file structure.csv (CSV, N, CA and C atoms)
chain,number,residue,atom,x,y,z
A,47,MET,N,65.0,116.0,103.9
A,47,MET,CA,65.7,115.2,104.9
A,47,MET,C,67.2,115.4,104.7
A,48,GLY,N,67.9,115.6,105.8
A,48,GLY,CA,69.3,115.9,105.8
A,48,GLY,C,70.1,114.6,105.6
A,49,LYS,N,71.4,114.8,105.5
A,49,LYS,CA,72.3,113.7,105.3
A,49,LYS,C,72.2,112.7,106.4
A,50,ARG,N,72.0,113.2,107.6
A,50,ARG,CA,72.0,112.3,108.8
A,50,ARG,C,70.8,111.4,108.8
A,51,GLY,N,69.8,111.8,108.2
A,51,GLY,CA,68.5,111.0,108.2
A,51,GLY,C,68.5,109.9,107.1
A,52,ARG,N,69.4,109.9,106.2
A,52,ARG,CA,69.4,108.9,105.2
A,52,ARG,C,70.0,107.6,105.7
A,53,ASN,N,69.5,106.6,105.2
A,53,ASN,CA,70.1,105.3,105.5
A,53,ASN,C,71.2,105.1,104.5
A,54,ARG,N,72.4,105.0,105.0
A,54,ARG,CA,73.6,104.8,104.1
A,54,ARG,C,74.1,103.4,104.3
A,55,GLN,N,74.5,102.8,103.3
A,55,GLN,CA,75.2,101.5,103.4
A,55,GLN,C,76.6,101.7,103.4
A,56,ARG,N,77.3,101.2,104.3
A,56,ARG,CA,78.8,101.3,104.4
A,56,ARG,C,79.4,100.4,103.3
A,57,LEU,N,80.3,101.0,102.5
A,57,LEU,CA,81.0,100.2,101.5
A,57,LEU,C,82.0,99.3,102.2
A,58,ARG,N,82.0,98.0,101.8
A,58,ARG,CA,82.9,97.1,102.3
A,58,ARG,C,83.7,96.4,101.1
A,59,ALA,N,84.9,96.2,101.4
A,59,ALA,CA,85.8,95.5,100.4
A,59,ALA,C,85.3,94.1,100.3
A,60,PRO,N,85.4,93.5,99.1
A,60,PRO,CA,85.0,92.1,99.0
A,60,PRO,C,86.0,91.2,99.8
A,61,SER,N,85.5,90.1,100.2
A,61,SER,CA,86.4,89.2,100.9
A,61,SER,C,86.5,87.8,100.2
A,62,SER,N,87.5,87.1,100.5
A,62,SER,CA,87.7,85.8,99.9
A,62,SER,C,87.8,84.7,101.0
A,63,ASP,N,87.2,83.6,100.8
A,63,ASP,CA,87.3,82.5,101.7
A,63,ASP,C,88.3,81.4,101.2
A,64,TYR,N,89.1,80.9,102.1
A,64,TYR,CA,90.1,79.9,101.8
A,64,TYR,C,89.9,78.8,102.8
A,65,THR,N,89.8,77.6,102.3
A,65,THR,CA,89.5,76.4,103.2
A,65,THR,C,90.7,75.5,103.2
A,66,ASP,N,91.1,75.0,104.4
A,66,ASP,CA,92.2,74.1,104.5
A,66,ASP,C,91.7,72.7,104.4
A,67,ALA,N,92.6,71.7,104.5
A,67,ALA,CA,92.2,70.3,104.4
A,67,ALA,C,91.3,69.8,105.5
A,68,ALA,N,91.3,70.5,106.6
A,68,ALA,CA,90.5,70.1,107.8
A,68,ALA,C,89.1,70.8,107.7
A,69,GLY,N,88.9,71.6,106.7
A,69,GLY,CA,87.6,72.3,106.6
A,69,GLY,C,87.5,73.6,107.3
A,70,ASN,N,88.6,74.1,107.9
A,70,ASN,CA,88.7,75.4,108.5
A,70,ASN,C,88.7,76.5,107.4
A,71,VAL,N,88.1,77.6,107.7
A,71,VAL,CA,87.9,78.6,106.7
A,71,VAL,C,88.6,79.9,107.2
A,72,LEU,N,89.5,80.5,106.4
A,72,LEU,CA,90.1,81.8,106.6
A,72,LEU,C,89.5,82.8,105.6
A,73,THR,N,89.0,83.8,106.1
A,73,THR,CA,88.4,84.9,105.3
A,73,THR,C,89.3,86.1,105.3
A,74,LEU,N,89.8,86.5,104.1
A,74,LEU,CA,90.7,87.6,103.9
A,74,LEU,C,90.1,88.7,103.2
A,75,ARG,N,90.4,89.9,103.6
A,75,ARG,CA,89.9,91.2,103.0
A,75,ARG,C,90.5,91.4,101.6
A,76,GLY,N,89.7,92.0,100.8
A,76,GLY,CA,90.1,92.2,99.4
A,76,GLY,C,90.7,93.6,99.2
A,77,SER,N,91.0,94.3,100.2
A,77,SER,CA,91.6,95.7,100.1
A,77,SER,C,92.7,95.8,101.1
A,78,LEU,N,93.7,96.6,100.7
A,78,LEU,CA,94.9,96.9,101.5
A,78,LEU,C,95.3,98.3,101.2
A,79,THR,N,95.2,99.2,102.2
A,79,THR,CA,95.5,100.6,102.0
A,79,THR,C,96.9,100.9,101.6
A,80,PRO,N,97.2,102.0,100.9
A,80,PRO,CA,98.6,102.3,100.6
A,80,PRO,C,99.5,102.4,101.8
A,81,ALA,N,98.9,103.0,102.9
A,81,ALA,CA,99.7,103.1,104.1
A,81,ALA,C,100.0,101.7,104.7
A,82,ALA,N,99.1,100.8,104.7
A,82,ALA,CA,99.3,99.4,105.2
A,82,ALA,C,100.4,98.7,104.3
A,83,ARG,N,100.3,98.9,103.0
A,83,ARG,CA,101.3,98.3,102.1
A,83,ARG,C,102.7,98.9,102.4
A,84,ALA,N,102.8,100.2,102.6
A,84,ALA,CA,104.1,100.8,103.0
A,84,ALA,C,104.6,100.2,104.3
A,85,GLU,N,103.7,100.2,105.3
A,85,GLU,CA,104.2,99.7,106.6
A,85,GLU,C,104.6,98.2,106.5
A,86,TYR,N,103.9,97.4,105.7
A,86,TYR,CA,104.3,96.0,105.5
A,86,TYR,C,105.7,95.9,104.9
A,87,ALA,N,105.9,96.7,103.8
A,87,ALA,CA,107.2,96.7,103.1
A,87,ALA,C,108.3,97.1,104.0
A,88,GLN,N,108.1,98.1,104.9
A,88,GLN,CA,109.2,98.5,105.8
A,88,GLN,C,109.4,97.5,106.9
A,89,THR,N,108.4,96.8,107.3
A,89,THR,CA,108.5,95.8,108.3
A,89,THR,C,109.3,94.6,107.8
A,90,LEU,N,108.9,94.2,106.5
A,90,LEU,CA,109.6,93.1,105.9
A,90,LEU,C,111.1,93.4,105.6
A,91,ALA,N,111.4,94.6,105.3
A,91,ALA,CA,112.8,95.0,105.1
A,91,ALA,C,113.5,95.2,106.4
A,92,GLY,N,112.8,95.3,107.5
A,92,GLY,CA,113.5,95.5,108.8
A,92,GLY,C,113.8,96.9,109.1
A,93,THR,N,113.1,97.9,108.3
A,93,THR,CA,113.4,99.3,108.5
A,93,THR,C,112.2,100.0,109.3
A,94,ALA,N,111.3,99.2,109.8
A,94,ALA,CA,110.1,99.8,110.5
A,94,ALA,C,110.6,100.3,111.9
A,95,GLY,N,109.7,100.9,112.6
A,95,GLY,CA,110.0,101.6,113.9
A,95,GLY,C,110.7,100.7,114.9
A,96,ARG,N,110.3,99.5,115.0
A,96,ARG,CA,111.0,98.6,116.0
A,96,ARG,C,112.1,97.9,115.3
A,97,ALA,N,113.2,97.8,116.0
A,97,ALA,CA,114.4,97.2,115.4
A,97,ALA,C,114.2,95.7,115.6
A,98,ALA,N,114.4,94.9,114.5
A,98,ALA,CA,114.4,93.5,114.6
A,98,ALA,C,115.8,92.9,114.8
A,99,ALA,N,115.9,91.9,115.7
A,99,ALA,CA,117.2,91.3,116.0
A,99,ALA,C,117.8,90.6,114.8
A,100,THR,N,116.9,90.0,114.0
A,100,THR,CA,117.4,89.3,112.8
A,100,THR,C,116.4,89.5,111.7
A,101,GLN,N,116.8,89.1,110.5
A,101,GLN,CA,115.9,89.1,109.3
A,101,GLN,C,114.7,88.2,109.6
A,102,GLU,N,114.9,87.1,110.3
A,102,GLU,CA,113.8,86.2,110.6
A,102,GLU,C,112.8,86.9,111.5
A,103,ASP,N,113.2,87.7,112.4
A,103,ASP,CA,112.3,88.4,113.3
A,103,ASP,C,111.5,89.4,112.5
A,104,ALA,N,112.1,90.1,111.5
A,104,ALA,CA,111.4,91.1,110.7
A,104,ALA,C,110.4,90.3,109.8
A,105,TRP,N,110.8,89.2,109.3
A,105,TRP,CA,109.9,88.4,108.5
A,105,TRP,C,108.7,87.9,109.2
A,106,GLN,N,108.9,87.4,110.5
A,106,GLN,CA,107.8,87.0,111.3
A,106,GLN,C,106.8,88.2,111.6
A,107,ARG,N,107.4,89.3,111.9
A,107,ARG,CA,106.6,90.5,112.2
A,107,ARG,C,105.8,90.9,111.0
A,108,ALA,N,106.4,90.8,109.8
A,108,ALA,CA,105.7,91.2,108.6
A,108,ALA,C,104.6,90.2,108.3
A,109,VAL,N,104.7,88.9,108.5
A,109,VAL,CA,103.7,88.0,108.4
A,109,VAL,C,102.5,88.3,109.3
A,110,GLU,N,102.8,88.6,110.5
A,110,GLU,CA,101.7,89.0,111.5
A,110,GLU,C,101.0,90.2,111.1
A,111,LEU,N,101.8,91.2,110.6
A,111,LEU,CA,101.2,92.5,110.2
A,111,LEU,C,100.3,92.3,109.0
A,112,LEU,N,100.7,91.5,108.0
A,112,LEU,CA,99.9,91.3,106.8
A,112,LEU,C,98.6,90.5,107.2
A,113,PHE,N,98.8,89.5,108.1
A,113,PHE,CA,97.6,88.7,108.6
A,113,PHE,C,96.7,89.6,109.3
A,114,GLU,N,97.2,90.5,110.2
A,114,GLU,CA,96.3,91.4,111.0
A,114,GLU,C,95.6,92.4,110.1
A,115,ARG,N,96.2,92.8,109.0
A,115,ARG,CA,95.5,93.8,108.1
A,115,ARG,C,94.5,93.1,107.2
A,116,LEU,N,94.7,91.8,106.9
A,116,LEU,CA,93.8,91.2,105.9
A,116,LEU,C,92.8,90.2,106.5
A,117,ALA,N,93.1,89.6,107.6
A,117,ALA,CA,92.1,88.6,108.2
A,117,ALA,C,90.9,89.2,108.7
A,118,VAL,N,89.8,88.7,108.2
A,118,VAL,CA,88.4,89.1,108.7
A,118,VAL,C,87.8,88.1,109.6
A,119,ARG,N,88.0,86.9,109.3
A,119,ARG,CA,87.4,85.8,110.1
A,119,ARG,C,88.2,84.5,109.9
A,120,TRP,N,88.3,83.7,111.0
A,120,TRP,CA,89.0,82.4,110.8
A,120,TRP,C,88.1,81.4,111.6
A,121,THR,N,87.4,80.5,110.8
A,121,THR,CA,86.5,79.6,111.4
A,121,THR,C,87.3,78.3,111.6
A,122,ILE,N,87.4,77.9,112.8
A,122,ILE,CA,88.2,76.6,113.1
A,122,ILE,C,87.3,75.7,113.9
A,123,ALA,N,87.1,74.5,113.4
A,123,ALA,CA,86.2,73.5,114.0
A,123,ALA,C,84.8,74.1,114.2
A,124,GLY,N,84.3,74.9,113.3
A,124,GLY,CA,83.0,75.5,113.3
A,124,GLY,C,82.9,76.7,114.2
A,125,ALA,N,83.9,77.1,114.9
A,125,ALA,CA,83.9,78.2,115.8
A,125,ALA,C,84.6,79.4,115.1
A,126,PRO,N,83.8,80.5,114.8
A,126,PRO,CA,84.4,81.6,114.1
A,126,PRO,C,85.1,82.6,115.1
A,127,ILE,N,86.3,83.1,114.7
A,127,ILE,CA,87.0,84.1,115.4
A,127,ILE,C,87.0,85.3,114.5
A,128,GLU,N,86.5,86.4,115.1
A,128,GLU,CA,86.4,87.6,114.2
A,128,GLU,C,87.1,88.9,114.8
A,129,ARG,N,87.4,88.9,116.1
A,129,ARG,CA,88.1,90.0,116.7
A,129,ARG,C,89.6,90.0,116.3
A,130,GLN,N,90.1,91.2,116.0
A,130,GLN,CA,91.5,91.2,115.5
A,130,GLN,C,92.5,90.7,116.6
A,131,ARG,N,92.3,91.1,117.8
A,131,ARG,CA,93.2,90.6,118.9
A,131,ARG,C,93.1,89.1,119.0
A,132,GLU,N,91.9,88.5,118.9
A,132,GLU,CA,91.8,87.0,119.0
A,132,GLU,C,92.4,86.3,117.7
A,133,LEU,N,92.2,86.9,116.6
A,133,LEU,CA,92.7,86.4,115.3
A,133,LEU,C,94.3,86.3,115.4
A,134,LEU,N,94.9,87.4,115.9
A,134,LEU,CA,96.3,87.4,116.0
A,134,LEU,C,96.8,86.4,117.1
A,135,ALA,N,96.1,86.3,118.2
A,135,ALA,CA,96.5,85.4,119.2
A,135,ALA,C,96.4,84.0,118.7
A,136,ARG,N,95.4,83.7,117.9
A,136,ARG,CA,95.2,82.3,117.3
A,136,ARG,C,96.3,82.0,116.3
A,137,LEU,N,96.7,83.0,115.6
A,137,LEU,CA,97.8,82.8,114.6
A,137,LEU,C,99.1,82.5,115.4
A,138,ARG,N,99.3,83.2,116.5
A,138,ARG,CA,100.6,83.0,117.3
A,138,ARG,C,100.5,81.6,118.0
A,139,ALA,N,99.4,81.1,118.2
A,139,ALA,CA,99.2,79.8,118.9
A,139,ALA,C,99.1,78.6,117.9
A,140,ALA,N,99.1,79.0,116.6
A,140,ALA,CA,98.9,78.0,115.6
A,140,ALA,C,100.1,77.0,115.5
A,141,SER,N,99.8,75.8,115.0
A,141,SER,CA,100.8,74.8,114.8
A,141,SER,C,101.6,75.2,113.6
A,142,PRO,N,102.8,74.6,113.5
A,142,PRO,CA,103.7,74.9,112.3
A,142,PRO,C,102.9,74.6,111.0
A,143,GLN,N,102.1,73.6,111.0
A,143,GLN,CA,101.4,73.3,109.7
A,143,GLN,C,100.3,74.3,109.5
A,144,GLU,N,99.6,74.8,110.5
A,144,GLU,CA,98.6,75.8,110.3
A,144,GLU,C,99.3,77.1,109.9
A,145,ARG,N,100.4,77.5,110.5
A,145,ARG,CA,101.1,78.7,110.1
A,145,ARG,C,101.6,78.6,108.6
A,146,ALA,N,102.1,77.5,108.2
A,146,ALA,CA,102.5,77.3,106.8
A,146,ALA,C,101.3,77.5,105.9
A,147,TRP,N,100.2,76.9,106.3
A,147,TRP,CA,99.0,77.1,105.4
A,147,TRP,C,98.5,78.5,105.4
A,148,VAL,N,98.6,79.2,106.5
A,148,VAL,CA,98.2,80.7,106.5
A,148,VAL,C,99.2,81.4,105.6
A,149,ARG,N,100.5,81.2,105.7
A,149,ARG,CA,101.5,81.9,104.8
A,149,ARG,C,101.2,81.6,103.3
A,150,ALA,N,100.9,80.3,103.0
A,150,ALA,CA,100.6,80.0,101.6
A,150,ALA,C,99.3,80.7,101.2
A,151,THR,N,98.4,80.7,102.0
A,151,THR,CA,97.1,81.4,101.7
A,151,THR,C,97.3,82.9,101.5
A,152,LEU,N,98.1,83.5,102.4
A,152,LEU,CA,98.4,84.9,102.2
A,152,LEU,C,99.2,85.2,100.9
A,153,ARG,N,100.1,84.3,100.5
A,153,ARG,CA,100.8,84.4,99.2
A,153,ARG,C,99.8,84.3,98.1
A,154,GLU,N,98.9,83.4,98.1
A,154,GLU,CA,97.9,83.2,97.0
A,154,GLU,C,97.0,84.4,96.9
A,155,HIS,N,96.5,84.9,98.1
A,155,HIS,CA,95.6,86.0,98.1
A,155,HIS,C,96.3,87.3,97.6
A,156,CYS,N,97.5,87.5,98.0
A,156,CYS,CA,98.3,88.7,97.6
A,156,CYS,C,98.6,88.6,96.1
A,157,ALA,N,98.9,87.5,95.6
A,157,ALA,CA,99.2,87.3,94.2
A,157,ALA,C,98.0,87.7,93.3
A,158,GLU,N,96.8,87.3,93.8
A,158,GLU,CA,95.5,87.6,93.1
A,158,GLU,C,95.1,89.0,93.3
A,159,HIS,N,95.1,89.5,94.5
A,159,HIS,CA,94.5,90.9,94.8
A,159,HIS,C,95.6,92.0,94.8
A,160,PHE,N,96.8,91.7,95.2
A,160,PHE,CA,97.8,92.8,95.4
A,160,PHE,C,99.1,92.3,94.8
A,161,PRO,N,99.2,92.3,93.5
A,161,PRO,CA,100.5,91.8,92.9
A,161,PRO,C,101.7,92.6,93.2
A,162,ASP,N,101.5,93.9,93.7
A,162,ASP,CA,102.7,94.7,94.0
A,162,ASP,C,103.2,94.4,95.4
A,163,VAL,N,102.5,93.6,96.2
A,163,VAL,CA,102.9,93.2,97.6
A,163,VAL,C,103.7,91.9,97.5
A,164,ASP,N,104.9,92.0,98.1
A,164,ASP,CA,105.8,90.8,98.1
A,164,ASP,C,105.4,90.0,99.4
A,165,ALA,N,104.5,89.1,99.2
A,165,ALA,CA,104.0,88.3,100.3
A,165,ALA,C,105.0,87.3,100.8
A,166,PRO,N,104.9,87.0,102.1
A,166,PRO,CA,105.9,86.1,102.8
A,166,PRO,C,106.0,84.7,102.2

call {"tool": "encode", "arguments": {"input": "structure.csv", "output": "structure tokens"}}
result
Amino acid sequence: MGKRGRNRQRLRAPSSDYTDAAGNVLTLRGSLTPAARAEYAQTLAGTAGRAAATQEDAWQRAVELLFERLAVRWTIAGAPIERQRELLARLRAASPQERAWVRATLREHCAEHFPDVDAP
């Protein structure tokens, strides 16, 4: 039997679930490629392809980029969001309290899994 005929399991990075006070669950990926780390660092520094008007703009773009690369699922009020476009749209529509919780969760996750990444 050739390689195509074998049943192969696709390797997946482990993920971690984080639950907020309201019971919503954010699932974050346990891997981040070297290219994604470099892109994040450039975006955070404001040296990425798009020019940021201010350091605050660069910081916001960096948060979104890190979220986009790490978020696997966000279950809010029992309804899971799994598509990348929908996850990013939900982050952009989040309340200030939700965004603060997401940033804190990203910091915690990066400290545990990616100590070389300067999380927002």

call {"tool": "residues_around", "arguments": {"input": "structure.csv", "residues": "Glu110 in chain A", "least_positions_apart": "4", "cutoff": "12 Å", "atoms": "only C-alpha atoms", "output": "list in words"}}
result
Tyr86, Thr89, Leu90, Asp103, Ala104, Trp105, Gln106, Glu114, Arg115, Leu116, Ala117, Gln130, Arg131, Leu133, Leu134, Ala135, Arg136, Leu137, Arg138, Arg145, Val148, Arg149, Leu152, Ala165 and Pro166 of chain A

call {"tool": "atom_distance", "arguments": {"input": "structure.csv", "atom1": "atom C of Ala81 in chain A", "atom2": "atom C of Trp147 in chain A"}}
result
23.3 Å

call {"tool": "closest_residue", "arguments": {"input": "structure.csv", "among": "A:Leu111, A:Asp63, A:Glu102, A:Leu72", "to": "Glu85 in chain A", "atoms": "only N, CA and C atoms"}}
result
A:Leu111

call {"tool": "atom_distance", "arguments": {"input": "structure.csv", "atom1": "atom N of Pro126 in chain A", "atom2": "atom N of Ser61 in chain A"}}
result
17.6 Å

call {"tool": "select_by_dssp", "arguments": {"input": "structure.csv", "residues": "chain A", "states": "strand (DSSP E)", "output": "ChimeraX atom specification"}}
result
/A:61-65,71-75,117-122,125-127

call {"tool": "select_by_dssp", "arguments": {"input": "structure.csv", "residues": "chain A", "states": "alpha helix (DSSP H)", "output": "ChimeraX atom specification"}}
result
/A:80-91,101-116,130-139,142-159

call {"tool": "residues_around", "arguments": {"input": "structure.csv", "residues": "Tyr64 in chain A", "least_positions_apart": "5", "cutoff": "8 Å", "atoms": "only N, CA and C atoms", "output": "PDB file with N, CA and C atoms, in the frame of the given file"}}
result
ATOM      1  N   GLY A  69      88.900  71.600 106.700  1.00  0.00           N
ATOM      2  CA  GLY A  69      87.600  72.300 106.600  1.00  0.00           C
ATOM      3  C   GLY A  69      87.500  73.600 107.300  1.00  0.00           C
ATOM      4  N   ASN A  70      88.600  74.100 107.900  1.00  0.00           N
ATOM      5  CA  ASN A  70      88.700  75.400 108.500  1.00  0.00           C
ATOM      6  C   ASN A  70      88.700  76.500 107.400  1.00  0.00           C
ATOM      7  N   VAL A  71      88.100  77.600 107.700  1.00  0.00           N
ATOM      8  CA  VAL A  71      87.900  78.600 106.700  1.00  0.00           C
ATOM      9  C   VAL A  71      88.600  79.900 107.200  1.00  0.00           C
ATOM     10  N   LEU A  72      89.500  80.500 106.400  1.00  0.00           N
ATOM     11  CA  LEU A  72      90.100  81.800 106.600  1.00  0.00           C
ATOM     12  C   LEU A  72      89.500  82.800 105.600  1.00  0.00           C
ATOM     13  N   THR A  73      89.000  83.800 106.100  1.00  0.00           N
ATOM     14  CA  THR A  73      88.400  84.900 105.300  1.00  0.00           C
ATOM     15  C   THR A  73      89.300  86.100 105.300  1.00  0.00           C
ATOM     16  N   LEU A  74      89.800  86.500 104.100  1.00  0.00           N
ATOM     17  CA  LEU A  74      90.700  87.600 103.900  1.00  0.00           C
ATOM     18  C   LEU A  74      90.100  88.700 103.200  1.00  0.00           C
ATOM     19  N   THR A 151      98.400  80.700 102.000  1.00  0.00           N
ATOM     20  CA  THR A 151      97.100  81.400 101.700  1.00  0.00           C
ATOM     21  C   THR A 151      97.300  82.900 101.500  1.00  0.00           C
TER      22      THR A 151
END

call {"tool": "atom_distance", "arguments": {"input": "structure.csv", "atom1": "CA of His155 in chain A", "atom2": "atom C of Glu132 in chain A"}}
result
19.9 Å

call {"tool": "residues_around", "arguments": {"input": "structure.csv", "residues": "range 158-162 of chain A", "least_positions_apart": "4", "cutoff": "6.5 Å", "atoms": "all atoms listed in the file", "output": "list in words"}}
result
Gly76, Arg153 and Glu154 of chain A
